[in-house]
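See structure below.
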Amino acid sequence: MVIHASRVDYRNAFAGLVFPASKDEIVRRSRMVGGIDREVFAILDAIAPRRYADKDDLDAAIREVYMARGEDSEELPI
């Protein structure tokens, strides 16, 4: 998989998100923001369905998805 989403895509997707937040809240909020690479939505769909305590917790879950897909940890956008 080639990574297309950028740090800015993720930052924009999570702007205004209040933690703790459930996966459903995170996905819903990110879809309300326009101009974000669709990879962000695919990755968010793949995170575990649970509540995320803070941005660091969410970032770790996103990194886990990328790593499970075989991406190099040095190339991750988050």
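Chain labels follow the order of the structure tokens: the first chain is A, the next B, and so on; residue numbering restarts at 1 in every chain, and ligands are counted from 1 in their shown order.
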Could you find all residues in chain A that DSSP calls alpha helix (DSSP H) from the backbone, and write them as an MDAnalysis selection string? chainID A and resid 7:13 23:31 38:46 55:68
Lys23 of chain A environment, 6 Å, only C-alpha atoms, sequence neighbours closer than 3 positions dropped, as number ranges by chain: A: 26, 49-50
Expected file: the selected residues, all heavy atoms, as a PDB file, in the first residue's frame:
```
ATOM      1  N   ILE A  26     -15.443   9.643  16.075  1.00  0.00           N
ATOM      2  CA  ILE A  26     -14.250  10.023  15.313  1.00  0.00           C
ATOM      3  C   ILE A  26     -14.534   9.941  13.820  1.00  0.00           C
ATOM      4  O   ILE A  26     -14.231  10.873  13.064  1.00  0.00           O
ATOM      5  CB  ILE A  26     -13.057   9.136  15.702  1.00  0.00           C
ATOM      6  CG1 ILE A  26     -12.664   9.407  17.160  1.00  0.00           C
ATOM      7  CG2 ILE A  26     -11.876   9.349  14.754  1.00  0.00           C
ATOM      8  CD1 ILE A  26     -11.777   8.349  17.772  1.00  0.00           C
ATOM      9  N   PRO A  49     -13.206  -0.719  17.424  1.00  0.00           N
ATOM     10  CA  PRO A  49     -14.428  -0.023  17.859  1.00  0.00           C
ATOM     11  C   PRO A  49     -14.455   0.150  19.381  1.00  0.00           C
ATOM     12  O   PRO A  49     -15.027  -0.674  20.099  1.00  0.00           O
ATOM     13  CB  PRO A  49     -15.547  -0.932  17.368  1.00  0.00           C
ATOM     14  CG  PRO A  49     -14.944  -2.292  17.355  1.00  0.00           C
ATOM     15  CD  PRO A  49     -13.487  -2.100  17.028  1.00  0.00           C
ATOM     16  N   ARG A  50     -13.815   1.208  19.846  1.00  0.00           N
ATOM     17  CA  ARG A  50     -13.743   1.473  21.290  1.00  0.00           C
ATOM     18  C   ARG A  50     -13.650   2.973  21.501  1.00  0.00           C
ATOM     19  O   ARG A  50     -13.604   3.737  20.553  1.00  0.00           O
ATOM     20  CB  ARG A  50     -12.545   0.762  21.909  1.00  0.00           C
ATOM     21  CG  ARG A  50     -11.195   1.248  21.404  1.00  0.00           C
ATOM     22  CD  ARG A  50     -10.049   0.560  22.144  1.00  0.00           C
ATOM     23  NE  ARG A  50      -8.744   0.995  21.735  1.00  0.00           N
ATOM     24  CZ  ARG A  50      -8.100   2.061  22.222  1.00  0.00           C
ATOM     25  NH1 ARG A  50      -8.652   2.827  23.128  1.00  0.00           N
ATOM     26  NH2 ARG A  50      -6.896   2.368  21.789  1.00  0.00           N
TER      27      ARG A  50
END
```
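Restricting the calculation to only C-alpha atoms, the smallest distance between Leu44 of chain A and any of A:Pro20, A:Arg7, A:Glu71, A:Leu58 is found for A:Leu58.
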Using only C-alpha atoms, can you tell me which of A:Ala46, A:Ala5, A:Ala13, A:Met32 comes closest to Ala68 of chain A?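 Closest to Ala68 of chain A of all the choices is A:Ala46.
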In Å, rounded to a single decimal, give me how far atom CA of Tyr10 of chain A is from atom CA of Arg31 of chain A. 11.5 Å
